[in-house]
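Source file: my_file_10.csv. Holds: CSV, C-alpha atoms.
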```csv
chain,number,residue,atom,x,y,z
A,1,MET,CA,0.0,0.0,0.0
A,2,ARG,CA,1.1,3.5,-0.7
A,3,ALA,CA,0.8,6.7,1.4
A,4,LEU,CA,1.5,10.3,0.6
A,5,VAL,CA,2.7,12.3,3.7
A,6,ILE,CA,2.0,16.0,3.3
A,7,ASP,CA,3.3,18.3,6.0
A,8,ASP,CA,5.5,21.5,5.8
A,9,SER,CA,7.6,20.1,8.7
A,10,ARG,CA,10.3,17.7,7.7
A,11,ALA,CA,10.3,16.3,11.3
A,12,MET,CA,6.6,15.6,11.1
A,13,ARG,CA,6.9,14.0,7.6
A,14,ARG,CA,9.6,11.8,9.0
A,15,ILE,CA,7.6,10.8,12.0
A,16,VAL,CA,4.4,10.0,10.1
A,17,ALA,CA,6.3,8.2,7.3
A,18,SER,CA,8.2,6.1,9.9
A,19,ILE,CA,5.0,5.0,11.5
A,20,LEU,CA,3.4,4.1,8.2
A,21,GLU,CA,6.5,2.3,7.0
A,22,GLY,CA,6.4,0.3,10.2
A,23,PHE,CA,2.9,-0.8,9.2
A,24,GLY,CA,4.2,-1.8,5.8
A,25,TYR,CA,3.4,1.3,3.7
A,26,GLU,CA,5.6,2.7,0.9
A,27,THR,CA,5.6,6.4,1.5
A,28,ARG,CA,6.4,9.6,-0.4
A,29,PRO,CA,6.7,13.1,1.2
A,30,ALA,CA,5.3,16.4,0.1
A,31,GLY,CA,5.9,19.8,1.8
A,32,HIS,CA,2.6,21.4,0.9
A,33,GLY,CA,-0.7,20.7,-1.0
A,34,ARG,CA,0.6,21.9,-4.4
A,35,GLU,CA,3.6,19.6,-4.2
A,36,ALA,CA,1.3,16.7,-3.3
A,37,LEU,CA,-0.9,17.4,-6.3
A,38,ASP,CA,2.2,17.3,-8.5
A,39,VAL,CA,2.9,13.8,-7.2
A,40,LEU,CA,-0.7,12.7,-8.0
A,41,GLU,CA,-0.5,14.3,-11.4
A,42,GLU,CA,2.6,12.4,-12.3
A,43,GLY,CA,0.7,9.2,-11.7
A,44,TRP,CA,1.8,8.2,-8.2
A,45,VAL,CA,-1.8,7.8,-6.7
A,46,PRO,CA,-1.6,6.5,-3.1
A,47,ASP,CA,-4.1,4.5,-1.1
A,48,LEU,CA,-3.8,7.1,1.7
A,49,ALA,CA,-2.8,10.7,2.1
A,50,CYS,CA,-2.0,12.1,5.5
A,51,ILE,CA,-2.5,15.8,5.4
A,52,ASP,CA,-1.5,18.6,7.7
A,53,TRP,CA,-3.8,21.6,7.7
A,54,ASN,CA,-1.7,24.7,8.1
A,55,MET,CA,0.9,24.8,5.3
A,56,PRO,CA,2.3,27.4,3.0
A,57,VAL,CA,1.4,27.6,-0.8
A,58,MET,CA,-1.6,25.3,-0.5
A,59,ASP,CA,-3.1,24.2,2.8
A,60,GLY,CA,-4.6,20.9,3.7
A,61,LEU,CA,-8.2,21.9,3.2
A,62,GLN,CA,-7.5,23.2,-0.3
A,63,PHE,CA,-5.7,20.0,-1.1
A,64,VAL,CA,-8.6,17.9,0.1
A,65,SER,CA,-11.0,19.9,-2.1
A,66,ALA,CA,-8.7,19.7,-5.1
A,67,VAL,CA,-8.4,15.9,-4.8
A,68,ARG,CA,-12.1,15.4,-4.4
A,69,ALA,CA,-12.8,17.4,-7.6
A,70,VAL,CA,-10.9,14.8,-9.6
A,71,PRO,CA,-12.9,11.5,-10.2
A,72,ALA,CA,-9.7,9.5,-11.0
A,73,TRP,CA,-8.5,10.2,-7.4
A,74,ARG,CA,-11.7,9.2,-5.7
A,75,GLN,CA,-10.1,6.0,-4.2
A,76,VAL,CA,-7.5,8.0,-2.2
A,77,THR,CA,-8.4,8.0,1.5
A,78,LEU,CA,-7.7,11.4,3.0
A,79,MET,CA,-6.7,11.6,6.6
A,80,MET,CA,-6.1,15.0,8.2
A,81,VAL,CA,-3.2,14.9,10.7
A,82,THR,CA,-3.2,18.3,12.3
A,83,THR,CA,-3.2,20.5,15.4
A,84,GLU,CA,-6.5,22.0,14.4
A,85,SER,CA,-8.8,20.5,16.9
A,86,GLU,CA,-11.8,22.9,17.0
A,87,HIS,CA,-15.1,21.1,16.2
A,88,GLY,CA,-15.9,23.6,13.4
A,89,GLN,CA,-12.5,22.8,11.7
A,90,ILE,CA,-13.1,19.1,11.9
A,91,VAL,CA,-16.6,19.4,10.4
A,92,LYS,CA,-15.2,21.6,7.7
A,93,ALA,CA,-12.5,19.1,6.7
A,94,LEU,CA,-15.0,16.2,6.8
A,95,ALA,CA,-17.4,18.2,4.7
A,96,ALA,CA,-14.7,18.9,2.1
A,97,GLY,CA,-14.1,15.2,1.7
A,98,ALA,CA,-11.6,14.1,4.4
A,99,HIS,CA,-12.3,10.6,5.7
A,100,GLU,CA,-10.6,10.7,9.1
A,101,TYR,CA,-9.0,13.2,11.5
A,102,VAL,CA,-6.0,12.8,13.8
A,103,ILE,CA,-5.0,15.5,16.2
A,104,LYS,CA,-1.3,16.2,16.9
A,105,PRO,CA,0.3,15.0,19.1
A,106,PHE,CA,-0.6,11.4,18.3
A,107,THR,CA,0.9,8.0,18.9
A,108,ALA,CA,1.6,5.3,16.5
A,109,ASP,CA,-1.2,3.3,18.0
A,110,ALA,CA,-3.7,6.1,17.3
A,111,ILE,CA,-2.7,6.1,13.6
A,112,GLY,CA,-2.9,2.3,13.6
A,113,ASP,CA,-6.4,2.4,15.1
A,114,LYS,CA,-7.6,4.9,12.4
A,115,LEU,CA,-6.1,2.7,9.6
A,116,SER,CA,-7.8,-0.3,11.0
A,117,LEU,CA,-11.1,1.5,11.1
A,118,LEU,CA,-10.6,2.6,7.5
A,119,GLY,CA,-9.6,-0.9,6.4
A,120,LEU,CA,-6.2,0.3,5.4
A,121,MET,CA,-4.0,-1.7,7.7
A,122,PRO,CA,-1.7,-3.7,5.3
A,123,VAL,CA,-1.8,-7.4,5.8
A,124,PRO,CA,1.7,-8.9,6.5
A,125,ALA,CA,3.0,-10.9,3.6
B,1,MET,CA,-11.5,42.5,23.6
B,2,SER,CA,-11.0,39.1,25.3
B,3,ALA,CA,-10.0,38.5,28.9
B,4,PRO,CA,-6.2,38.4,29.5
B,5,ILE,CA,-4.6,35.0,29.1
B,6,THR,CA,-4.1,34.7,32.9
B,7,ALA,CA,-7.9,34.6,33.2
B,8,LEU,CA,-8.1,31.9,30.6
B,9,LEU,CA,-5.2,29.6,31.3
B,10,ASP,CA,-2.9,28.8,34.2
B,11,GLY,CA,0.7,27.6,34.2
B,12,GLU,CA,-0.3,24.1,35.4
B,13,THR,CA,-2.4,23.6,32.3
B,14,VAL,CA,0.3,24.8,30.0
B,15,THR,CA,2.8,22.5,31.7
B,16,ALA,CA,0.4,19.6,31.3
B,17,VAL,CA,-0.1,20.3,27.6
B,18,ALA,CA,3.7,20.6,27.1
B,19,GLY,CA,4.2,17.3,28.9
B,20,GLU,CA,1.8,15.5,26.6
B,21,VAL,CA,3.4,17.0,23.5
B,22,TRP,CA,6.8,16.0,24.8
B,23,SER,CA,6.0,12.4,25.4
B,24,ALA,CA,4.3,12.0,22.0
B,25,LEU,CA,6.9,13.8,20.0
B,26,VAL,CA,10.2,13.6,21.8
B,27,GLY,CA,9.7,10.1,23.3
B,28,GLU,CA,7.5,8.1,25.6
B,29,GLU,CA,10.3,7.9,28.2
B,30,GLU,CA,11.1,11.6,27.9
B,31,PHE,CA,9.8,13.8,30.6
B,32,LEU,CA,9.6,17.6,31.1
B,33,LEU,CA,10.3,18.5,34.6
B,34,PRO,CA,8.3,21.6,35.7
B,35,GLY,CA,10.3,24.5,36.9
B,36,LEU,CA,10.3,25.4,40.6
B,37,GLY,CA,9.3,28.8,42.0
B,38,PRO,CA,6.9,31.5,40.9
B,39,VAL,CA,9.2,33.3,38.5
B,40,ALA,CA,10.4,31.5,35.4
B,41,PRO,CA,14.1,32.2,34.8
B,42,ALA,CA,15.2,33.6,31.4
B,43,VAL,CA,16.3,30.9,28.9
B,44,ASP,CA,19.2,31.7,26.7
B,45,GLY,CA,18.5,30.0,23.4
B,46,PRO,CA,16.4,30.0,20.2
B,47,SER,CA,12.7,30.4,20.1
B,48,ALA,CA,9.9,29.2,17.9
B,49,TRP,CA,6.3,30.5,18.0
B,50,VAL,CA,2.9,30.5,16.5
B,51,THR,CA,0.3,33.2,16.5
B,52,VAL,CA,-3.3,32.6,17.7
B,53,THR,CA,-5.9,34.9,16.2
B,54,GLY,CA,-9.4,35.0,17.4
B,55,PRO,CA,-11.3,36.2,20.5
B,56,TRP,CA,-7.8,36.1,22.2
B,57,ASP,CA,-4.9,37.3,20.1
B,58,GLY,CA,-1.4,36.4,20.9
B,59,VAL,CA,1.5,34.0,20.5
B,60,VAL,CA,2.7,30.8,22.0
B,61,VAL,CA,6.5,30.7,22.3
B,62,LEU,CA,8.8,27.9,23.0
B,63,THR,CA,12.4,28.8,24.0
B,64,CYS,CA,14.9,26.1,24.4
B,65,ALA,CA,18.4,26.5,25.9
B,66,ALA,CA,21.0,26.4,23.1
B,67,SER,CA,22.7,23.5,25.0
B,68,GLY,CA,19.7,21.3,24.4
B,69,THR,CA,18.6,22.0,20.8
B,70,ALA,CA,20.8,19.3,19.2
B,71,ASP,CA,19.8,16.7,21.7
B,72,LEU,CA,16.2,17.6,21.3
B,73,THR,CA,16.4,17.4,17.5
B,74,ARG,CA,18.2,14.0,17.7
B,75,SER,CA,15.4,12.7,19.9
B,76,VAL,CA,12.5,13.9,17.7
B,77,LEU,CA,14.1,12.7,14.5
B,78,GLN,CA,15.5,9.5,16.1
B,79,LEU,CA,19.0,10.2,15.0
B,80,ASP,CA,22.0,8.4,16.3
B,81,ASP,CA,23.8,9.9,19.3
B,82,ASP,CA,26.8,10.8,17.3
B,83,GLU,CA,24.8,12.3,14.4
B,84,GLN,CA,25.0,16.1,14.3
B,85,PRO,CA,21.6,17.6,13.2
B,86,THR,CA,21.7,20.4,10.6
B,87,ALA,CA,20.6,23.9,11.7
B,88,GLU,CA,17.6,23.5,9.4
B,89,ASP,CA,16.6,20.3,11.2
B,90,VAL,CA,16.9,22.1,14.6
B,91,GLU,CA,14.7,25.0,13.4
B,92,ASP,CA,12.2,22.6,11.9
B,93,VAL,CA,11.9,20.6,15.1
B,94,LEU,CA,11.5,23.7,17.3
B,95,ARG,CA,8.8,25.1,14.8
B,96,GLU,CA,6.9,21.9,14.9
B,97,LEU,CA,7.0,21.6,18.7
B,98,ALA,CA,5.8,25.2,18.9
B,99,ASN,CA,3.1,24.5,16.3
B,100,ILE,CA,1.7,21.5,18.3
B,101,LEU,CA,2.0,23.4,21.6
B,102,GLY,CA,0.2,26.3,20.0
B,103,GLY,CA,-2.6,24.2,18.6
B,104,ASN,CA,-3.2,22.5,21.9
B,105,VAL,CA,-3.2,25.8,23.8
B,106,LYS,CA,-5.6,27.2,21.2
B,107,SER,CA,-8.0,24.4,21.8
B,108,LEU,CA,-8.3,25.6,25.4
B,109,LEU,CA,-9.1,29.2,24.5
B,110,PRO,CA,-12.4,30.7,23.4
B,111,GLY,CA,-12.9,30.2,19.7
B,112,PRO,CA,-13.1,30.1,16.8
B,113,SER,CA,-9.4,31.0,16.4
B,114,ALA,CA,-6.8,30.6,13.7
B,115,LEU,CA,-3.3,29.4,14.1
B,116,GLY,CA,-0.5,31.0,12.1
B,117,LEU,CA,2.4,29.2,10.5
B,118,PRO,CA,5.3,28.5,13.0
B,119,GLU,CA,8.4,30.7,12.9
B,120,THR,CA,11.8,30.8,14.5
B,121,GLY,CA,14.1,33.6,15.6
B,122,PRO,CA,14.5,35.9,18.5
B,123,ALA,CA,11.5,35.6,20.8
B,124,PRO,CA,8.7,38.1,20.2
B,125,LEU,CA,8.6,41.0,22.7
B,126,ARG,CA,6.8,40.2,25.9
B,127,ALA,CA,3.3,41.5,26.5
B,128,GLU,CA,2.3,43.0,29.8
B,129,ASP,CA,2.6,40.5,32.7
B,130,ALA,CA,-1.2,40.5,33.1
B,131,ASP,CA,-1.5,39.0,29.6
B,132,THR,CA,1.3,36.5,29.9
B,133,CYS,CA,1.4,33.0,31.1
B,134,ARG,CA,5.0,31.8,31.3
B,135,VAL,CA,6.2,28.4,32.6
B,136,SER,CA,9.6,27.0,32.9
B,137,ALA,CA,10.7,23.4,32.6
B,138,SER,CA,13.7,21.3,32.0
B,139,TRP,CA,14.4,18.3,29.8
B,140,ARG,CA,17.5,16.2,30.4
B,141,GLY,CA,18.8,19.2,32.4
B,142,HIS,CA,18.3,21.7,29.6
B,143,PRO,CA,16.1,24.7,30.6
B,144,LEU,CA,13.0,25.5,28.5
B,145,ALA,CA,10.3,28.1,28.7
B,146,ILE,CA,6.8,28.2,27.2
B,147,THR,CA,5.2,31.5,27.1
B,148,VAL,CA,1.6,32.3,26.1
B,149,GLN,CA,1.4,36.0,25.7
B,150,GLY,CA,-1.0,38.6,24.4
B,151,ALA,CA,-0.4,40.3,21.1
B,152,SER,CA,-0.2,43.8,22.5
B,153,GLU,CA,3.6,44.0,21.8
B,154,ALA,CA,4.1,40.9,19.7
B,155,PRO,CA,4.7,41.2,15.9
B,156,ALA,CA,1.8,40.6,13.7
B,157,HIS,CA,2.1,37.4,11.6
B,158,PRO,CA,-0.2,36.3,8.7
B,159,THR,CA,-2.4,33.3,9.3
B,160,THR,CA,-3.3,30.7,6.7
B,161,GLU,CA,-7.0,30.8,7.4
B,162,VAL,CA,-9.4,32.7,9.6
B,163,PRO,CA,-12.4,30.4,10.3
B,164,LYS,CA,-15.8,32.1,9.7
```
Please express the file's structure as structure tokens.
Amino acid sequence: MRALVIDDSRAMRRIVASILEGFGYETRPAGHGREALDVLEEGWVPDLACIDWNMPVMDGLQFVSAVRAVPAWRQVTLMMVTTESEHGQIVKALAAGAHEYVIKPFTADAIGDKLSLLGLMPVPA
Amino acid sequence: MSAPITALLDGETVTAVAGEVWSALVGEEEFLLPGLGPVAPAVDGPSAWVTVTGPWDGVVVLTCAASGTADLTRSVLQLDDDEQPTAEDVEDVLRELANILGGNVKSLLPGPSALGLPETGPAPLRAEDADTCRVSASWRGHPLAITVQGASEAPAHPTTEVPK
């Protein structure tokens, strides 16, 4: 399974990617929404995108809306991984097309639980 | 105008938030020891901060003693003990810690509020004491300070989004 990790913090990209790779994912990083769209447009369409909210150039909410506007990318599961924890923000992200929401700080177990709920926990070979 | 931060938050709450952030990001076995005494001593080191814009306007600032920044970066990035992190990595780690601290502090304030993008550099100017909540702590013996301060004297920073 493939995951795109979108966060303007290299540290956070590394932490999220390390957790996902521990679960068996192949990952690719992107520093903001526009860079992530470039990855999709080049044909690397992941099963999962983990998306920060506050980023320069294109924020997470704009990225979610952009992905949802393209039918060919409908199978990508979108999970917000963000410090934005206000109820209104969560509702806004889900309304835009995000499937799940993880609030920072998180643990590897919290990410694993969400993936299991989404049916996206890779089965060991 | 909103109430000053001292009417909205206390140091104990900020310390608890920081402790949770630390164990999740720095390591499960890594603990922040709260500072002793009513006056937080000055910390000589780099700062990272995020702005909060909403009913309460201000900044959440993390300052880490220069002696601890490399260790902190190695822990967050899980680098080897003998690996020297780059200055870029150090700033990135401080920014992300401030970002998560700021987001969690924001969740305790009246909303809706918007969080700015994290920045690093010299700490923003202090607001009046009545609109400042400052706690000190230490990690592996390195002093740290977390300051939640009103925007009265802090520089204005753009936010990525202002919730309606």
Name all residues at most 9 Å from Pro85 of chain B (count all atoms listed in the file; drop same-chain ones fewer than 3 positions away) and give them as a PDB file with C-alpha atoms, in the frame of the given file.
```pdb
ATOM      1  CA  ALA B  70      20.800  19.300  19.200  1.00  0.00           C
ATOM      2  CA  ASP B  71      19.800  16.700  21.700  1.00  0.00           C
ATOM      3  CA  THR B  73      16.400  17.400  17.500  1.00  0.00           C
ATOM      4  CA  ARG B  74      18.200  14.000  17.700  1.00  0.00           C
ATOM      5  CA  LEU B  79      19.000  10.200  15.000  1.00  0.00           C
ATOM      6  CA  GLU B  88      17.600  23.500   9.400  1.00  0.00           C
ATOM      7  CA  ASP B  89      16.600  20.300  11.200  1.00  0.00           C
ATOM      8  CA  VAL B  90      16.900  22.100  14.600  1.00  0.00           C
TER       9      VAL B  90
END
```
Q: Between A:Ala108, A:Leu20, A:Val70, A:Val45, single out the one closest to chain B, counting only C-alpha atoms.
A: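 Closest residue, counting only C-alpha atoms: A:Ala108.
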Q.
What are the residues of chain A lining chain B at 10 Å or less? Count all atoms listed in the file, and put the answer as an MDAnalysis selection string.
A. chainID A and resid 8:12 14:15 18 53:59 61 82:89 92 103:108
Since we have the selection now, will you write its residues out, keeping C-alpha atoms, as an mmCIF file, in the coordinates of the input?
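part-v4.cif, written as the output of this step:
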```cif
data_model
loop_
_atom_site.group_PDB
_atom_site.id
_atom_site.type_symbol
_atom_site.label_atom_id
_atom_site.label_comp_id
_atom_site.auth_asym_id
_atom_site.auth_seq_id
_atom_site.Cartn_x
_atom_site.Cartn_y
_atom_site.Cartn_z
ATOM 1 C CA ASP A 8 5.500 21.500 5.800
ATOM 2 C CA SER A 9 7.600 20.100 8.700
ATOM 3 C CA ARG A 10 10.300 17.700 7.700
ATOM 4 C CA ALA A 11 10.300 16.300 11.300
ATOM 5 C CA MET A 12 6.600 15.600 11.100
ATOM 6 C CA ARG A 14 9.600 11.800 9.000
ATOM 7 C CA ILE A 15 7.600 10.800 12.000
ATOM 8 C CA SER A 18 8.200 6.100 9.900
ATOM 9 C CA TRP A 53 -3.800 21.600 7.700
ATOM 10 C CA ASN A 54 -1.700 24.700 8.100
ATOM 11 C CA MET A 55 0.900 24.800 5.300
ATOM 12 C CA PRO A 56 2.300 27.400 3.000
ATOM 13 C CA VAL A 57 1.400 27.600 -0.800
ATOM 14 C CA MET A 58 -1.600 25.300 -0.500
ATOM 15 C CA ASP A 59 -3.100 24.200 2.800
ATOM 16 C CA LEU A 61 -8.200 21.900 3.200
ATOM 17 C CA THR A 82 -3.200 18.300 12.300
ATOM 18 C CA THR A 83 -3.200 20.500 15.400
ATOM 19 C CA GLU A 84 -6.500 22.000 14.400
ATOM 20 C CA SER A 85 -8.800 20.500 16.900
ATOM 21 C CA GLU A 86 -11.800 22.900 17.000
ATOM 22 C CA HIS A 87 -15.100 21.100 16.200
ATOM 23 C CA GLY A 88 -15.900 23.600 13.400
ATOM 24 C CA GLN A 89 -12.500 22.800 11.700
ATOM 25 C CA LYS A 92 -15.200 21.600 7.700
ATOM 26 C CA ILE A 103 -5.000 15.500 16.200
ATOM 27 C CA LYS A 104 -1.300 16.200 16.900
ATOM 28 C CA PRO A 105 0.300 15.000 19.100
ATOM 29 C CA PHE A 106 -0.600 11.400 18.300
ATOM 30 C CA THR A 107 0.900 8.000 18.900
ATOM 31 C CA ALA A 108 1.600 5.300 16.500
#
```
Neighbouring residues of Gln149 of chain B were defined as those with any atom within 8 Å, considering all atoms listed in the file; residues of the same chain fewer than 3 positions away were excluded. Please report them as a CSV table (one decimal) with C-alpha atoms, keeping the file's coordinate frame.
```
chain,number,residue,atom,x,y,z
B,5,ILE,CA,-4.6,35.0,29.1
B,58,GLY,CA,-1.4,36.4,20.9
B,59,VAL,CA,1.5,34.0,20.5
B,60,VAL,CA,2.7,30.8,22.0
B,126,ARG,CA,6.8,40.2,25.9
B,127,ALA,CA,3.3,41.5,26.5
B,131,ASP,CA,-1.5,39.0,29.6
B,132,THR,CA,1.3,36.5,29.9
B,133,CYS,CA,1.4,33.0,31.1
B,134,ARG,CA,5.0,31.8,31.3
```
Q: Find the residues near Ser67 of chain B: any atom within 10 Å, counting all atoms listed in the file, skip ones fewer than 3 places away on the same chain, and give them as a PyMOL selection string.
A: chain B and resi 44-45+64+70-72+141-143
Q: Kindly give the distance, in Å, that separates atom CA of Ala98 of chain A and atom CA of Glu21 of chain A, rounded to a single decimal.
A: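 Straight-line distance from atom CA of Ala98 of chain A to atom CA of Glu21 of chain A works out to 21.8 Å.
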Q) If you measure from atom CA of Tyr25 of chain A to atom CA of Met121 of chain A, what distance in Å do you get, rounded to one decimal? A)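 That distance, rounded to one decimal, is 8.9 Å.
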Q) Of the candidates A:Ile111, A:Ala36, A:Ile51, A:Leu118, which one gets nearest to Gly22 of chain A if we count only C-alpha atoms? A) A:Ile111
Q: Mind giving me the straight-line distance from atom CA of Gly19 of chain B to atom CA of Phe31 of chain B in Å, one decimal?
A: 6.8 Å
Q: Do a neighbour search on Tyr101 of chain A at 7 Å with all atoms listed in the file, toss out local chain neighbours closer than 2 positions, and write the hits as a ChimeraX atom specification.
A: /A:79-81,103
Q: Identify the residues within 8 Å of coordinate (0.9, -4.1, 5.5) (same frame as the file), considering all atoms listed in the file, and give the answer as a PyMOL selection string.
A: chain A and resi 1+23-25+121-125
Would you export the selected residues with C-alpha atoms as a PDB file, in the coordinates of the input, please?
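Everything below was put into selection_32.pdb:
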```
ATOM      1  CA  MET A   1       0.000   0.000   0.000  1.00  0.00           C
ATOM      2  CA  PHE A  23       2.900  -0.800   9.200  1.00  0.00           C
ATOM      3  CA  GLY A  24       4.200  -1.800   5.800  1.00  0.00           C
ATOM      4  CA  TYR A  25       3.400   1.300   3.700  1.00  0.00           C
ATOM      5  CA  MET A 121      -4.000  -1.700   7.700  1.00  0.00           C
ATOM      6  CA  PRO A 122      -1.700  -3.700   5.300  1.00  0.00           C
ATOM      7  CA  VAL A 123      -1.800  -7.400   5.800  1.00  0.00           C
ATOM      8  CA  PRO A 124       1.700  -8.900   6.500  1.00  0.00           C
ATOM      9  CA  ALA A 125       3.000 -10.900   3.600  1.00  0.00           C
TER      10      ALA A 125
END
```
